[in-house]
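Note sheet for the following structure.
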Amino acid sequence: MRIRIITLFPEMFDGPFGTSIVSRAVRDGLVEITTHQLRDYTTDRHRTVDDEPYGGGAGMVMKPAPLADAVDDLKINARDAGEPEPRVILLSPQGRRFDQATAMELAARDSLILVCGRYEGVDERFIDASVDEEISIGDYVLSGGEPAAIVLVDALTRLIPGVLGSEESAPSDSFASGLGGRLQGPVYTRPAEWDGRHVPEILLSGDHARLERWRQEQSEARTRERRPDLMEPQTPKSRTRDHQAGDGDTGQ
Ligand code: 9WO
């Protein structure tokens, strides 16, 4: 899998991608991740990437041309490398909510371009012209799309065959396909008593059949308690921009 990331802050990715499972996957050639400085796609002397919003308002808006030029260049790059057309994803609070099912869907693609916005947003015409899908990792405002891109890459990388050892297995299909699954129950390690608190006796009993039943019950009780929404039938996914081409959506 090949992931290209357009950003004003490439150095934000050095730590997360240089550590742990993602770095091992990169080292083993299972995923190739590159960051691309948006400013390199400006053409003016001051390397301008933003401007004042039409109609007034606080802050600045990202200009469409450098973003579109970056995407176009990286698509040419992908074609030259013999890759299929990359899917272009903008990380944005206005996007479809990211979940394990979306992670599986994206992990099955060979080539992605992730676009990280900054300031108060990106010019809507860039989204209309160049973005296939907007994805949100949750209902909060960040300073930019970068932390969301890091989350997305982490979740995808774990799903690439060969990335996880047999010890740390990927989530099962039932969990993955729309969280029809359950939350994980409590886990414990040594010592059997710590600070006056005991590990549940059943974990020490060696009765595997009873233990498996207990784990299922714990998982279900916790899900019912904390995330009852996971136990409801899933509502249909909202359509992606792919399916909306030409429907006149103004994004309002
Ligand atoms: C800024 C702002 C300021 C005042 C009132 C409303 C506002 N909205 C925003 C805003 O959405 N800023 C974004 C910052 C512009 C695009 C990049 N930024 C961003 C991406 N923040 N949060 C995300 C994000 C991405 C994916 N999932 C969750 C959040």
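In the structure tokens, each chain is lettered A, B, ... as it comes, each chain's residues begin at 1, and ligands are numbered from 1 in order of appearance.
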May I ask you to write as a ChimeraX atom specification all residues lying at most 12 Å from ligand 1, with only C-alpha atoms and all ligand atoms counted? /A:7-8,50,57-62,89-99,114-124,127,133-152
I need the chosen residues saved as a compact mmCIF listing (two decimals), in the first residue's frame, with N, CA and C atoms.
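File result38.txt, as written:
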```
# COMPACT_ATOMS: atom_id res chain seq x y z
N THR A 7 0.74 18.22 3.28
CA THR A 7 0.69 18.91 4.56
C THR A 7 1.61 20.12 4.58
N LEU A 8 1.30 21.08 5.44
CA LEU A 8 2.22 22.20 5.69
C LEU A 8 3.22 21.86 6.78
N ASP A 50 -2.49 30.51 1.77
CA ASP A 50 -3.78 30.91 2.34
C ASP A 50 -4.12 32.35 1.97
N GLY A 57 -14.99 37.39 7.84
CA GLY A 57 -14.93 36.35 8.86
C GLY A 57 -13.52 36.18 9.39
N ALA A 58 -13.43 35.42 10.49
CA ALA A 58 -12.14 35.26 11.16
C ALA A 58 -11.23 34.31 10.39
N GLY A 59 -9.94 34.53 10.53
CA GLY A 59 -8.95 33.57 10.06
C GLY A 59 -8.75 33.58 8.56
N MET A 60 -8.07 32.53 8.09
CA MET A 60 -7.67 32.44 6.70
C MET A 60 -8.18 31.13 6.09
N VAL A 61 -8.24 31.10 4.76
CA VAL A 61 -8.72 29.93 4.03
C VAL A 61 -7.60 29.45 3.10
N MET A 62 -7.45 28.16 2.96
CA MET A 62 -6.41 27.63 2.08
C MET A 62 -6.79 27.81 0.62
N ILE A 89 -8.37 11.77 -0.14
CA ILE A 89 -9.15 11.93 1.10
C ILE A 89 -8.73 13.20 1.82
N LEU A 90 -9.72 14.03 2.14
CA LEU A 90 -9.47 15.22 2.97
C LEU A 90 -9.90 14.93 4.40
N LEU A 91 -8.99 15.14 5.34
CA LEU A 91 -9.36 14.97 6.75
C LEU A 91 -10.06 16.23 7.21
N SER A 92 -11.31 16.08 7.64
CA SER A 92 -12.10 17.26 7.98
C SER A 92 -13.24 16.90 8.92
N PRO A 93 -13.57 17.82 9.84
CA PRO A 93 -14.69 17.55 10.76
C PRO A 93 -16.02 17.41 10.02
N GLN A 94 -16.07 17.86 8.75
CA GLN A 94 -17.31 17.77 7.97
C GLN A 94 -17.44 16.42 7.27
N GLY A 95 -16.46 15.53 7.47
CA GLY A 95 -16.44 14.28 6.73
C GLY A 95 -17.27 13.17 7.34
N ARG A 96 -17.34 12.07 6.62
CA ARG A 96 -17.95 10.85 7.12
C ARG A 96 -17.10 10.32 8.27
N ARG A 97 -17.76 9.83 9.30
CA ARG A 97 -17.05 9.38 10.49
C ARG A 97 -16.22 8.13 10.22
N PHE A 98 -14.94 8.20 10.58
CA PHE A 98 -14.03 7.07 10.41
C PHE A 98 -14.34 5.98 11.42
N ASP A 99 -14.39 4.73 10.95
CA ASP A 99 -14.57 3.61 11.88
C ASP A 99 -13.82 2.40 11.33
N LEU A 114 -3.70 11.61 1.14
CA LEU A 114 -4.36 12.25 2.28
C LEU A 114 -4.02 13.74 2.26
N VAL A 115 -5.04 14.57 2.38
CA VAL A 115 -4.84 16.01 2.38
C VAL A 115 -5.16 16.57 3.76
N CYS A 116 -4.20 17.27 4.35
CA CYS A 116 -4.38 17.84 5.69
C CYS A 116 -4.61 19.33 5.58
N GLY A 117 -5.78 19.79 6.01
CA GLY A 117 -6.09 21.21 6.00
C GLY A 117 -5.56 21.90 7.23
N ARG A 118 -5.48 23.21 7.15
CA ARG A 118 -5.08 24.08 8.27
C ARG A 118 -5.98 25.31 8.24
N TYR A 119 -5.70 26.22 9.15
CA TYR A 119 -6.46 27.48 9.23
C TYR A 119 -7.95 27.20 9.44
N GLU A 120 -8.82 28.03 8.82
CA GLU A 120 -10.26 27.85 9.03
C GLU A 120 -10.90 26.92 8.02
N GLY A 121 -10.08 26.38 7.12
CA GLY A 121 -10.62 25.44 6.16
C GLY A 121 -10.00 25.60 4.78
N VAL A 122 -10.47 24.76 3.84
CA VAL A 122 -9.95 24.82 2.47
C VAL A 122 -11.05 25.30 1.54
N ASP A 123 -10.66 26.03 0.53
CA ASP A 123 -11.59 26.54 -0.48
C ASP A 123 -12.43 25.38 -1.03
N GLU A 124 -13.76 25.55 -0.99
CA GLU A 124 -14.67 24.47 -1.36
C GLU A 124 -14.46 23.98 -2.79
N ILE A 127 -12.23 21.05 -2.95
CA ILE A 127 -12.92 19.82 -2.52
C ILE A 127 -13.76 19.27 -3.68
N GLU A 133 -13.37 12.03 -1.09
CA GLU A 133 -14.12 11.79 0.14
C GLU A 133 -13.52 12.59 1.30
N GLU A 134 -14.40 13.16 2.14
CA GLU A 134 -13.95 13.80 3.38
C GLU A 134 -14.18 12.83 4.52
N ILE A 135 -13.18 12.67 5.37
CA ILE A 135 -13.28 11.76 6.50
C ILE A 135 -12.96 12.50 7.79
N SER A 136 -13.80 12.25 8.81
CA SER A 136 -13.62 12.81 10.14
C SER A 136 -13.30 11.68 11.11
N ILE A 137 -12.37 11.92 12.02
CA ILE A 137 -12.10 10.89 13.04
C ILE A 137 -12.92 11.14 14.31
N GLY A 138 -13.71 12.21 14.34
CA GLY A 138 -14.55 12.45 15.51
C GLY A 138 -15.02 13.89 15.56
N ASP A 139 -15.98 14.14 16.43
CA ASP A 139 -16.61 15.45 16.49
C ASP A 139 -15.87 16.41 17.41
N TYR A 140 -14.72 16.86 16.97
CA TYR A 140 -13.95 17.87 17.68
C TYR A 140 -13.14 18.63 16.66
N VAL A 141 -12.76 19.85 17.00
CA VAL A 141 -11.95 20.65 16.09
C VAL A 141 -10.48 20.51 16.50
N LEU A 142 -9.64 20.21 15.53
CA LEU A 142 -8.20 20.16 15.74
C LEU A 142 -7.59 21.42 15.14
N SER A 143 -6.27 21.55 15.27
CA SER A 143 -5.60 22.68 14.64
C SER A 143 -5.36 22.43 13.16
N GLY A 144 -5.52 21.17 12.77
CA GLY A 144 -5.32 20.80 11.38
C GLY A 144 -5.60 19.33 11.19
N GLY A 145 -5.55 18.88 9.94
CA GLY A 145 -5.88 17.49 9.65
C GLY A 145 -4.79 16.49 10.00
N GLU A 146 -3.59 16.96 10.35
CA GLU A 146 -2.45 16.05 10.54
C GLU A 146 -2.68 14.97 11.58
N PRO A 147 -3.14 15.34 12.81
CA PRO A 147 -3.35 14.26 13.79
C PRO A 147 -4.37 13.24 13.30
N ALA A 148 -5.37 13.67 12.55
CA ALA A 148 -6.37 12.75 12.01
C ALA A 148 -5.74 11.81 10.98
N ALA A 149 -4.84 12.35 10.15
CA ALA A 149 -4.15 11.52 9.16
C ALA A 149 -3.30 10.46 9.85
N ILE A 150 -2.68 10.84 10.95
CA ILE A 150 -1.85 9.89 11.71
C ILE A 150 -2.72 8.76 12.26
N VAL A 151 -3.88 9.09 12.77
CA VAL A 151 -4.81 8.08 13.28
C VAL A 151 -5.23 7.14 12.16
N LEU A 152 -5.59 7.72 11.03
CA LEU A 152 -6.05 6.92 9.90
C LEU A 152 -4.96 5.96 9.41
```
Select from segment 33-155 of chain A everything DSSP, run on the backbone, classes as alpha helix (DSSP H), then give the selection as a ChimeraX atom specification. /A:64-80,100-107,124-130,146-155
Considering only C-alpha atoms, tabulate each residue of segment 93-170 of chain A that lies at most 8 Å from segment 26-38 of chain A along with its nearest interatomic pair and the corresponding distance in Å to one decimal; arrange the rows by chain and ascending residue number and present them as a tab-separated table.
```
residue	atom	partner	partner_atom	distance
A:Thr157	CA	A:Val31	CA	7.2
A:Ile160	CA	A:Leu30	CA	7.3
A:Gly162	CA	A:Leu30	CA	7.6
A:Val163	CA	A:Leu30	CA	7.1
```
Residue neighbourhood Thr42 of chain A, 12 Å, only C-alpha atoms, exclusion window fewer than 2 positions, as a PyMOL selection string: chain A and resi 8+37-40+44-50+62-70
Output as a ChimeraX atom specification all residues of segment 39-165 of chain A that backbone DSSP marks as strand (DSSP E). /A:50-51,61-62,87-97,111-116,133-136
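The space between atom CA of Asp207 of chain A and atom CA of Met231 of chain A spans 28.4 Å.
Residue neighbourhood of Leu183 of chain A, excluding near-sequence residues (fewer than 2 positions): A:Gly181, A:Gly185, A:Ser219, A:Glu220, A:Arg222, A:Thr223, at 8 Å, using only C-alpha atoms.
Going from atom CA of Arg2 of chain A over to atom CA of Pro86 of chain A, you cover 8.8 Å.
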To one decimal place in Å, what is the distance between atom CA of Asp80 of chain A and atom CA of Phe13 of chain A? 25.1 Å
Could you give me, as a compact mmCIF listing (two decimals) with N, CA, C and O atoms, in the first residue's frame, the residues within 12 Å of Ile202 of chain A, counting only C-alpha atoms and dropping anything in the same chain fewer than 3 positions from it?
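Saved file selection_6.txt follows:
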```
# COMPACT_ATOMS: atom_id res chain seq x y z
N TYR A 188 -5.97 -8.50 32.73
CA TYR A 188 -5.13 -8.46 33.92
C TYR A 188 -3.79 -9.12 33.64
O TYR A 188 -3.70 -9.99 32.78
N ALA A 192 -1.14 -11.43 40.99
CA ALA A 192 -2.53 -11.86 41.20
C ALA A 192 -3.24 -10.99 42.23
O ALA A 192 -4.46 -10.85 42.20
N HIS A 198 -7.73 -7.99 43.69
CA HIS A 198 -7.47 -9.34 43.21
C HIS A 198 -7.88 -9.51 41.75
O HIS A 198 -8.88 -8.94 41.32
N VAL A 199 -7.14 -10.32 41.04
CA VAL A 199 -7.53 -10.74 39.69
C VAL A 199 -8.72 -11.69 39.84
O VAL A 199 -8.72 -12.52 40.74
N SER A 205 -8.18 -20.13 37.16
CA SER A 205 -8.75 -21.47 37.37
C SER A 205 -8.29 -22.50 36.33
O SER A 205 -8.29 -23.69 36.60
N GLY A 206 -7.96 -22.03 35.15
CA GLY A 206 -7.55 -22.96 34.10
C GLY A 206 -8.71 -23.67 33.42
O GLY A 206 -8.50 -24.56 32.60
N ASP A 207 -9.94 -23.28 33.74
CA ASP A 207 -11.13 -23.88 33.10
C ASP A 207 -11.43 -23.08 31.81
O ASP A 207 -12.10 -22.06 31.85
N HIS A 208 -10.95 -23.57 30.71
CA HIS A 208 -10.97 -22.78 29.48
C HIS A 208 -12.36 -22.52 28.94
O HIS A 208 -12.64 -21.43 28.43
N ALA A 209 -13.23 -23.50 29.07
CA ALA A 209 -14.60 -23.34 28.57
C ALA A 209 -15.33 -22.26 29.38
O ALA A 209 -15.96 -21.36 28.82
N ARG A 210 -15.20 -22.35 30.71
CA ARG A 210 -15.84 -21.38 31.58
C ARG A 210 -15.23 -19.98 31.36
O ARG A 210 -15.93 -18.97 31.34
N LEU A 211 -13.91 -19.95 31.19
CA LEU A 211 -13.21 -18.69 30.96
C LEU A 211 -13.71 -18.02 29.68
O LEU A 211 -13.97 -16.80 29.66
N GLU A 212 -13.87 -18.77 28.63
CA GLU A 212 -14.32 -18.21 27.36
C GLU A 212 -15.73 -17.62 27.52
O GLU A 212 -16.01 -16.53 27.04
N ARG A 213 -16.60 -18.34 28.22
CA ARG A 213 -17.95 -17.85 28.47
C ARG A 213 -17.91 -16.56 29.28
O ARG A 213 -18.61 -15.59 29.00
N TRP A 214 -17.05 -16.53 30.30
CA TRP A 214 -16.90 -15.35 31.16
C TRP A 214 -16.46 -14.13 30.35
O TRP A 214 -16.99 -13.04 30.47
N ARG A 215 -15.50 -14.35 29.48
CA ARG A 215 -14.99 -13.24 28.64
C ARG A 215 -16.10 -12.68 27.75
O ARG A 215 -16.23 -11.46 27.60
```
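Using only C-alpha atoms, the smallest distance between any of A:Leu112, A:Ala81, A:Val22, A:Val187 and Asp154 of chain A comes from A:Val22.
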